[in-house]
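Here the structure is laid out as structure tokens; the discussion comes afterwards.
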Amino acid sequence: MTLEKEYGIPTVSLSNENIVSFGTGPHQEYSTGMPLRFVGVPYPFTGLGEDKLGEWLRGKDRVSGKSLMPAIVDALTEPLTAEERKSGTPPEAAAEPRFLPPDTEDNLQRLFKERGWTDFNPVILPTEERVRAMLRGTSHRPDELVKKEAGTFGTSRPFTVEKVAVIAVMAGAKPEYLPVILALASQVPYMDSTTSNANMVLLSGPIRREIGMNSGIGVLSPTAEANSVIGRSMNLIHSIIQGYKEGETGFSSLGNPLRYNNMTLAENEEALPEGWKPVHVENGHPPEASVLTIFSGWNFVNCSGSVVEHYAPQLLMRDFTRVLAATGSATLIMDPSVARQLRETQGFASKGALGEWLSKNAEVPAATYWANSITSGMTAPLGRQGLEPYATWLKVPGETLIKHLPNARNIRTIVAGGETASVWFLTDFMGGRGVSIDHWR
Amino acid sequence: MAPKSLVTFMLLAGTVLAGVPALAEDSGGRRITVLNPAVTEKRAPRVPLAPRAGTLEGKTVYLVDMNYEGLGRTPVLEEMERWFGANMPGVRTVRRLKSGSYVSDDPALWKEIAASRAGGVILGVAG
């Protein structure tokens, strides 16, 4: 954009043919305002081998249908169209009406599905009566603006408290869930990637018991209404408020099964060993605050069976960190019985102490660390600019073991579960500081 | 008994009304009104593209490697440079690796390109 707009230099952007429609469509219309010229190149464009490059170059531009190189040259030389010369503020799209035209329940369910407003399960239709009842769950005015920059890349998609209440009704929420769902909605846009990441929603503080969140047995299974509905709400917020739609504004190649409920859980704070603080307290919130924290990442690993006497749990956790996507983060979710063993038998006086130990002891071959596009695309350039430890990691032989979780504060622990087996899960999810649910009461 | 004219009117009215579609009901049940969940997205202000000169002959074209996979090189861009050499020898090509990750800005590179009075920039490849 800078080259075209500020320096007047023609550009052409080359994009993976399967996602180029985002650049020529929604991104242009709602984010940049510039009808940048794109060429959709054949995918993949790496790992082809020298003998295949010529063949690749003879492929077709997905946008114009022309051969690739003539399409690129044309993008730099063909005169601008009337559309490409336009400037100024475009006419505003007609505002969405507050009500939909009256229709039968069957027709409305069909409409909601066709418009991309569902998760393909039936929704509770948001009649005025139901939305009014839902709004009793908050003291905030229905017309209060929750957020303006709600779209992917922060595009302007302003939404109100009432819109969130509509979605909460659709998801099947009770009014007492609304402050949680408002806190959740205030965090759009959620993290997305073509590489199929997922999110996790953690509730902390008194709200857990108030609304019947499960933090015990089967915590990450469909066992409790609040966990299920709040997790579902996130998906409806994602598609309706953020405007996420696979193939149009999102391109997650495999999707991610964790997205069905977004791993919505509550921490079992009552079962924390002495000295182990709840996540929200570690993040600086008072214990009596109700907080929502969103985590995002790629990997999820089950410890396989339960903890054994002959191999301390932290050793297996250390070993399993090798499969993490090397974001430099890790979040453990462990049964209270595992937390107790770590505290009482293994001597970890706090969650932080466990994080410190893992940071010092978790290792992975350098070649494995650099073997994914997260590290090679995002971290390697920093290493090439001299930032340590990445600069050193780029230079060592591939079989050299490197300590790939250098920042212990990025290793988090959530304690949850029903103490029927000493099980733990390991993820590479990164969490924020958390936001107040109390603000939305 | 009603007057003959009234009876006739009622019979005729019934015939006419029988042909009018039902307004409030269909075979699926009663109609209800619901609130609209949709959000209105605001369009971005329009910015025009830079004018095109009609030809690249005698000009410099930069191939900017976004370094999407962080390898420090993208072979397809190198192949494109060879293509220009073979097919458009009157075009001078300069290949540059953008600094930082593929999402980082590189103002220094844009300034270099501007100073060179480049005829065009090929930026890629976004994955």
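Residue numbers start at 1 in each chain; chains themselves are named A, B, ... in the order of the structure tokens; ligands are numbered from 1 in the order shown.
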**Report entry** Selection: 8 Å around range 60-77 of chain B, only C-alpha atoms, excl. self and same-chain fewer than 3 positions, as JSON, numbers by chain
**Finding:** {"A": [45, 46, 53, 56, 57, 373, 376, 377, 378, 380, 381], "B": [56, 80, 81, 91, 92, 93, 94, 95, 96, 97, 98, 101, 102, 113, 116, 117, 118, 119, 120, 121, 122, 123, 124, 125, 126, 127]}
Query raised in the report: CA of Ile437 in chain A and CA of Pro37 in chain B, how far apart in Å?
Result: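 Going from CA of Pro37 in chain B over to CA of Ile437 in chain A covers 22.4 Å.
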Which range 122-232 of chain A residues have any atom within 12 Å of an atom of range 14-29 of chain A, and for each, what is the nearest pair of atoms with distance in Å to one decimal, counting only C-alpha atoms, rows sorted by chain and number, as a tab-separated table?
residue	atom	partner	partner_atom	distance
A:Gly151	CA	A:His27	CA	10.3
A:Thr152	CA	A:His27	CA	8.8
A:Phe153	CA	A:His27	CA	8.5
A:Gly154	CA	A:His27	CA	10.6
A:Thr155	CA	A:His27	CA	8.8
A:Ser156	CA	A:Glu29	CA	11.2
A:Ser193	CA	A:Ile19	CA	11.5
A:Thr194	CA	A:Ile19	CA	9.0
Requested in this report: Skip Tyr177 in chain A itself and residues of its chain fewer than 5 positions away, then list as a PyMOL selection string all residues within 9 Å of it, counting only C-alpha atoms.
Outcome: chain A and resi 134+137+168+182+207+211+226+229-230
Writer output for current selection, N, CA and C atoms, as an mmCIF file, in the first residue's frame:
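So selection20.cif came out as:
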data_model
loop_
_atom_site.group_PDB
_atom_site.id
_atom_site.type_symbol
_atom_site.label_atom_id
_atom_site.label_comp_id
_atom_site.auth_asym_id
_atom_site.auth_seq_id
_atom_site.Cartn_x
_atom_site.Cartn_y
_atom_site.Cartn_z
ATOM 1 N N MET A 134 -33.016 -11.820 28.474
ATOM 2 C CA MET A 134 -31.555 -11.999 28.516
ATOM 3 C C MET A 134 -30.871 -10.733 29.017
ATOM 4 N N GLY A 137 -29.633 -9.811 32.515
ATOM 5 C CA GLY A 137 -28.368 -10.346 33.038
ATOM 6 C C GLY A 137 -27.258 -9.310 33.142
ATOM 7 N N ALA A 168 -26.514 -14.511 22.571
ATOM 8 C CA ALA A 168 -26.598 -15.330 23.780
ATOM 9 C C ALA A 168 -27.898 -16.144 23.778
ATOM 10 N N LEU A 182 -20.612 -11.251 27.220
ATOM 11 C CA LEU A 182 -20.199 -9.888 26.869
ATOM 12 C C LEU A 182 -18.679 -9.742 26.973
ATOM 13 N N ILE A 207 -17.647 -16.304 39.530
ATOM 14 C CA ILE A 207 -18.638 -16.538 38.458
ATOM 15 C C ILE A 207 -18.792 -18.023 38.170
ATOM 16 N N ILE A 211 -22.748 -19.559 38.033
ATOM 17 C CA ILE A 211 -23.484 -19.977 36.828
ATOM 18 C C ILE A 211 -23.374 -21.474 36.568
ATOM 19 N N ALA A 226 -23.384 -24.541 31.233
ATOM 20 C CA ALA A 226 -22.680 -23.261 31.100
ATOM 21 C C ALA A 226 -21.439 -23.412 30.221
ATOM 22 N N VAL A 229 -22.649 -23.899 26.520
ATOM 23 C CA VAL A 229 -23.282 -22.748 25.877
ATOM 24 C C VAL A 229 -22.294 -21.611 25.672
ATOM 25 N N ILE A 230 -21.450 -21.375 26.655
ATOM 26 C CA ILE A 230 -20.470 -20.291 26.515
ATOM 27 C C ILE A 230 -19.483 -20.627 25.403
#
Query raised in the report: What are the DSSP strand (DSSP E) residues of range 163-410 of chain A, as a PyMOL selection string?
Result: chain A and resi 198-204+264-266+291-297+300-302+330-334+364-365+401-402
Save the residues we just selected, C-alpha atoms, as an mmCIF file, in the first residue's frame?
data_model
loop_
_atom_site.group_PDB
_atom_site.id
_atom_site.type_symbol
_atom_site.label_atom_id
_atom_site.label_comp_id
_atom_site.auth_asym_id
_atom_site.auth_seq_id
_atom_site.Cartn_x
_atom_site.Cartn_y
_atom_site.Cartn_z
ATOM 1 C CA ALA A 198 -7.763 -23.072 18.134
ATOM 2 C CA ASN A 199 -8.788 -21.131 21.235
ATOM 3 C CA MET A 200 -9.458 -21.977 24.866
ATOM 4 C CA VAL A 201 -11.766 -20.051 27.189
ATOM 5 C CA LEU A 202 -10.993 -20.130 30.916
ATOM 6 C CA LEU A 203 -13.276 -18.759 33.622
ATOM 7 C CA SER A 204 -11.876 -17.819 36.995
ATOM 8 C CA THR A 264 -14.357 -23.785 27.623
ATOM 9 C CA LEU A 265 -13.650 -24.609 31.237
ATOM 10 C CA ALA A 266 -13.357 -23.260 34.739
ATOM 11 C CA VAL A 291 -12.195 -13.066 34.987
ATOM 12 C CA LEU A 292 -12.284 -14.524 31.492
ATOM 13 C CA THR A 293 -9.002 -15.472 29.832
ATOM 14 C CA ILE A 294 -8.653 -16.560 26.214
ATOM 15 C CA PHE A 295 -5.727 -18.750 25.160
ATOM 16 C CA SER A 296 -4.753 -19.506 21.558
ATOM 17 C CA GLY A 297 -2.446 -21.997 19.926
ATOM 18 C CA PHE A 300 -2.924 -30.375 22.197
ATOM 19 C CA VAL A 301 -1.361 -33.492 23.706
ATOM 20 C CA ASN A 302 -2.862 -36.011 26.090
ATOM 21 C CA ALA A 330 3.035 -23.903 26.988
ATOM 22 C CA THR A 331 -0.178 -24.284 28.961
ATOM 23 C CA LEU A 332 -0.749 -27.395 31.016
ATOM 24 C CA ILE A 333 -4.194 -28.515 32.100
ATOM 25 C CA MET A 334 -3.872 -31.007 34.919
ATOM 26 C CA VAL A 364 14.325 -30.061 21.404
ATOM 27 C CA PRO A 365 16.746 -30.553 18.492
ATOM 28 C CA LEU A 401 19.457 -29.676 21.747
ATOM 29 C CA ILE A 402 18.131 -26.192 22.484
#
Skipping near chain neighbours, those fewer than 6 positions away, what residues fall within 10 Å of Val131 in chain A using only C-alpha atoms, listed as an mmCIF file with C-alpha atoms, in the first residue's frame?
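out-v5.cif, freshly written:
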data_model
loop_
_atom_site.group_PDB
_atom_site.id
_atom_site.type_symbol
_atom_site.label_atom_id
_atom_site.label_comp_id
_atom_site.auth_asym_id
_atom_site.auth_seq_id
_atom_site.Cartn_x
_atom_site.Cartn_y
_atom_site.Cartn_z
ATOM 1 C CA LEU A 125 -34.723 -17.855 17.870
ATOM 2 C CA PRO A 142 -28.874 -2.418 25.261
ATOM 3 C CA GLU A 162 -28.186 -5.973 22.528
ATOM 4 C CA LYS A 163 -26.446 -7.767 19.645
ATOM 5 C CA VAL A 164 -24.557 -9.875 22.146
ATOM 6 C CA ALA A 165 -27.796 -10.619 23.989
ATOM 7 C CA VAL A 166 -29.321 -11.768 20.683
ATOM 8 C CA ILE A 167 -26.413 -14.159 20.168
ATOM 9 C CA ALA A 168 -26.598 -15.330 23.780
ATOM 10 C CA VAL A 169 -30.264 -16.247 23.258
ATOM 11 C CA MET A 170 -29.362 -18.079 20.055
ATOM 12 C CA PRO A 175 -29.348 -14.378 31.588
ATOM 13 C CA VAL B 34 -37.142 -12.010 15.871
ATOM 14 C CA LEU B 35 -34.282 -9.616 16.306
#
Report task. Would you work out the distance separating CA of Arg259 in chain A from CA of Ser221 in chain A, expressed in Å to one decimal? Result ->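 We find that CA of Arg259 in chain A and CA of Ser221 in chain A lie 12.9 Å from each other.
The shortest atom-to-atom distance to chain B, with only C-alpha atoms taken into account, belongs to A:Gln385 out of A:Thr223, A:Gln385, A:Ser186, A:Ser233.
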Query raised in the report: Closest to chain A among B:Glu112, B:Glu79, B:Asp106, B:Glu57, using only C-alpha atoms?
Result: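 Residue with the minimum atom-to-atom distance to chain A: B:Glu79.
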Query - Test item, alpha helix (DSSP H) assignment across range 24-121 of chain B, answer as a ChimeraX atom specification - result: /B:75-87,107-115
Distance query Met34 in chain A at most 10 Å, only C-alpha atoms, self and fewer than 3 positions along chain excluded, as a PDB file with N, CA and C atoms, in the first residue's frame:
ATOM      1  N   MET A   1       0.832  -1.200   0.000  1.00  0.00           N
ATOM      2  CA  MET A   1       0.000   0.000   0.000  1.00  0.00           C
ATOM      3  C   MET A   1       0.864   1.246   0.000  1.00  0.00           C
ATOM      4  N   GLU A   4       2.278   2.077  -3.455  1.00  0.00           N
ATOM      5  CA  GLU A   4       1.305   2.640  -4.410  1.00  0.00           C
ATOM      6  C   GLU A   4       0.859   4.028  -3.966  1.00  0.00           C
ATOM      7  N   LYS A   5       0.499   4.116  -2.685  1.00  0.00           N
ATOM      8  CA  LYS A   5      -0.168   5.322  -2.187  1.00  0.00           C
ATOM      9  C   LYS A   5       0.813   6.461  -1.970  1.00  0.00           C
ATOM     10  N   THR A  24      -8.629  -9.733  -2.719  1.00  0.00           N
ATOM     11  CA  THR A  24      -9.348  -8.980  -3.759  1.00  0.00           C
ATOM     12  C   THR A  24     -10.765  -8.640  -3.337  1.00  0.00           C
ATOM     13  N   HIS A  27     -10.878  -7.904   2.196  1.00  0.00           N
ATOM     14  CA  HIS A  27      -9.759  -7.122   2.728  1.00  0.00           C
ATOM     15  C   HIS A  27      -9.702  -5.752   2.056  1.00  0.00           C
ATOM     16  N   GLN A  28      -9.949  -5.756   0.742  1.00  0.00           N
ATOM     17  CA  GLN A  28      -9.921  -4.511  -0.017  1.00  0.00           C
ATOM     18  C   GLN A  28     -11.114  -3.632   0.366  1.00  0.00           C
ATOM     19  N   GLU A  29     -12.282  -4.252   0.473  1.00  0.00           N
ATOM     20  CA  GLU A  29     -13.500  -3.466   0.664  1.00  0.00           C
ATOM     21  C   GLU A  29     -13.595  -2.880   2.065  1.00  0.00           C
ATOM     22  N   TYR A  30     -13.131  -3.648   3.057  1.00  0.00           N
ATOM     23  CA  TYR A  30     -13.368  -3.218   4.432  1.00  0.00           C
ATOM     24  C   TYR A  30     -12.113  -2.813   5.195  1.00  0.00           C
ATOM     25  N   SER A  31     -10.936  -3.151   4.670  1.00  0.00           N
ATOM     26  CA  SER A  31      -9.728  -2.874   5.442  1.00  0.00           C
ATOM     27  C   SER A  31      -8.844  -1.842   4.752  1.00  0.00           C
ATOM     28  N   ARG A  37      -3.770  -4.868  -7.020  1.00  0.00           N
ATOM     29  CA  ARG A  37      -3.786  -5.930  -8.025  1.00  0.00           C
ATOM     30  C   ARG A  37      -3.088  -7.164  -7.458  1.00  0.00           C
ATOM     31  N   GLU A  83     -12.782   1.877 -11.665  1.00  0.00           N
ATOM     32  CA  GLU A  83     -12.882   1.411 -10.277  1.00  0.00           C
ATOM     33  C   GLU A  83     -11.571   1.651  -9.540  1.00  0.00           C
ATOM     34  N   GLU A  84     -10.459   1.425 -10.204  1.00  0.00           N
ATOM     35  CA  GLU A  84      -9.151   1.556  -9.567  1.00  0.00           C
ATOM     36  C   GLU A  84      -8.742   3.018  -9.390  1.00  0.00           C
ATOM     37  N   ARG A  85      -9.445   3.933 -10.048  1.00  0.00           N
ATOM     38  CA  ARG A  85      -9.105   5.357  -9.892  1.00  0.00           C
ATOM     39  C   ARG A  85      -9.948   6.025  -8.820  1.00  0.00           C
ATOM     40  N   LYS A  86     -10.903   5.302  -8.267  1.00  0.00           N
ATOM     41  CA  LYS A  86     -11.837   5.928  -7.317  1.00  0.00           C
ATOM     42  C   LYS A  86     -11.154   6.340  -6.022  1.00  0.00           C
ATOM     43  N   SER A  87     -11.667   7.427  -5.451  1.00  0.00           N
ATOM     44  CA  SER A  87     -11.195   7.835  -4.129  1.00  0.00           C
ATOM     45  C   SER A  87     -12.397   8.343  -3.351  1.00  0.00           C
TER      46      SER A  87
ATOM     47  N   ALA B  44     -14.132   0.710   3.909  1.00  0.00           N
ATOM     48  CA  ALA B  44     -12.960   1.563   4.074  1.00  0.00           C
ATOM     49  C   ALA B  44     -12.988   2.674   3.020  1.00  0.00           C
ATOM     50  N   PRO B  45     -12.446   3.858   3.348  1.00  0.00           N
ATOM     51  CA  PRO B  45     -12.344   4.920   2.345  1.00  0.00           C
ATOM     52  C   PRO B  45     -11.534   4.432   1.153  1.00  0.00           C
ATOM     53  N   ARG B  46     -11.939   4.815  -0.053  1.00  0.00           N
ATOM     54  CA  ARG B  46     -11.297   4.340  -1.264  1.00  0.00           C
ATOM     55  C   ARG B  46     -10.008   5.112  -1.519  1.00  0.00           C
ATOM     56  N   VAL B  47      -8.978   4.377  -1.895  1.00  0.00           N
ATOM     57  CA  VAL B  47      -7.680   4.958  -2.236  1.00  0.00           C
ATOM     58  C   VAL B  47      -7.332   4.457  -3.630  1.00  0.00           C
ATOM     59  N   PRO B  48      -7.033   5.353  -4.562  1.00  0.00           N
ATOM     60  CA  PRO B  48      -6.748   4.899  -5.934  1.00  0.00           C
ATOM     61  C   PRO B  48      -5.352   4.276  -6.026  1.00  0.00           C
ATOM     62  N   LEU B  49      -5.184   3.455  -7.048  1.00  0.00           N
ATOM     63  CA  LEU B  49      -3.865   2.861  -7.308  1.00  0.00           C
ATOM     64  C   LEU B  49      -2.963   3.868  -8.004  1.00  0.00           C
TER      65      LEU B  49
END
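Put simply, CA of Leu324 in chain A is 6.0 Å away from CA of Asn299 in chain A.
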Quick one: residues within 9 Å of Arg412 in chain A, only C-alpha atoms counted, chain neighbours fewer than 3 positions away excluded, as a compact mmCIF listing (two decimals) with N, CA and C atoms, in the first residue's frame?
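The new file result-v8.txt reads:
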# COMPACT_ATOMS: atom_id res chain seq x y z
N VAL A 279 -5.16 -18.94 37.98
CA VAL A 279 -4.58 -18.26 36.81
C VAL A 279 -4.84 -16.76 36.90
N SER A 329 5.60 -20.91 24.19
CA SER A 329 4.61 -20.96 25.27
C SER A 329 4.14 -22.38 25.49
N ALA A 330 3.65 -22.61 26.68
CA ALA A 330 3.04 -23.90 26.99
C ALA A 330 1.97 -23.65 28.05
N THR A 331 0.83 -24.32 27.91
CA THR A 331 -0.18 -24.28 28.96
C THR A 331 -0.57 -25.71 29.29
N LEU A 332 -0.38 -26.07 30.53
CA LEU A 332 -0.75 -27.40 31.02
C LEU A 332 -2.14 -27.32 31.63
N ILE A 333 -2.92 -28.37 31.40
CA ILE A 333 -4.19 -28.51 32.10
C ILE A 333 -4.08 -29.83 32.85
N LYS A 351 2.99 -22.90 40.89
CA LYS A 351 2.92 -23.14 39.44
C LYS A 351 4.18 -22.57 38.77
N GLY A 352 4.60 -21.43 39.28
CA GLY A 352 5.79 -20.78 38.73
C GLY A 352 7.04 -21.63 38.84
N LEU A 354 7.17 -24.88 38.78
CA LEU A 354 7.08 -25.89 37.73
C LEU A 354 7.48 -25.27 36.39
N GLY A 355 6.98 -24.04 36.14
CA GLY A 355 7.34 -23.36 34.89
C GLY A 355 8.84 -23.15 34.78
N ALA A 408 10.10 -18.68 31.38
CA ALA A 408 9.27 -19.49 32.28
C ALA A 408 7.89 -18.88 32.49
N ARG A 409 7.80 -17.57 32.35
CA ARG A 409 6.48 -16.94 32.58
C ARG A 409 5.48 -17.28 31.48
N MET A 430 -1.11 -19.84 24.17
CA MET A 430 -0.65 -18.62 24.83
C MET A 430 -1.87 -17.88 25.36
N GLY A 431 -1.79 -17.43 26.60
CA GLY A 431 -2.93 -16.75 27.20
C GLY A 431 -2.65 -15.29 27.42
Range 417-420 of chain A: which residues within 9 Å, counting only C-alpha atoms, same-chain residues fewer than 2 positions away excluded, as a PDB file with C-alpha atoms, in the first residue's frame?
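For reference, around.pdb as written:
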ATOM      1  CA  ASN A 214     -17.899 -27.366  35.546  1.00  0.00           C
ATOM      2  CA  SER A 215     -14.327 -27.459  36.777  1.00  0.00           C
ATOM      3  CA  GLY A 216     -14.414 -31.066  37.943  1.00  0.00           C
ATOM      4  CA  ILE A 217     -15.048 -34.432  36.381  1.00  0.00           C
ATOM      5  CA  GLY A 218     -15.347 -34.345  32.598  1.00  0.00           C
ATOM      6  CA  VAL A 219     -14.511 -30.640  32.599  1.00  0.00           C
ATOM      7  CA  LEU A 220     -13.532 -30.585  28.902  1.00  0.00           C
ATOM      8  CA  GLU A 267     -10.303 -23.747  36.916  1.00  0.00           C
ATOM      9  CA  ASN A 268     -10.819 -25.975  39.943  1.00  0.00           C
ATOM     10  CA  ILE A 333      -4.194 -28.515  32.100  1.00  0.00           C
ATOM     11  CA  MET A 334      -3.872 -31.007  34.919  1.00  0.00           C
ATOM     12  CA  ASP A 335      -6.060 -32.950  37.275  1.00  0.00           C
ATOM     13  CA  PRO A 336      -5.836 -31.787  40.907  1.00  0.00           C
ATOM     14  CA  SER A 337      -4.248 -35.133  41.811  1.00  0.00           C
ATOM     15  CA  VAL A 338      -1.355 -34.354  39.452  1.00  0.00           C
ATOM     16  CA  VAL A 415      -5.842 -27.146  37.425  1.00  0.00           C
ATOM     17  CA  SER A 422      -3.977 -38.412  37.367  1.00  0.00           C
ATOM     18  CA  VAL A 423      -4.192 -37.052  33.847  1.00  0.00           C
TER      19      VAL A 423
END
Query raised in the report: Quick one: of A:Gly59, A:Pro70, A:Pro126, A:Gly386, who's nearest to chain B, counting only C-alpha atoms?
Result: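 Of the candidates, the smallest distance to chain B is held by A:Pro126.
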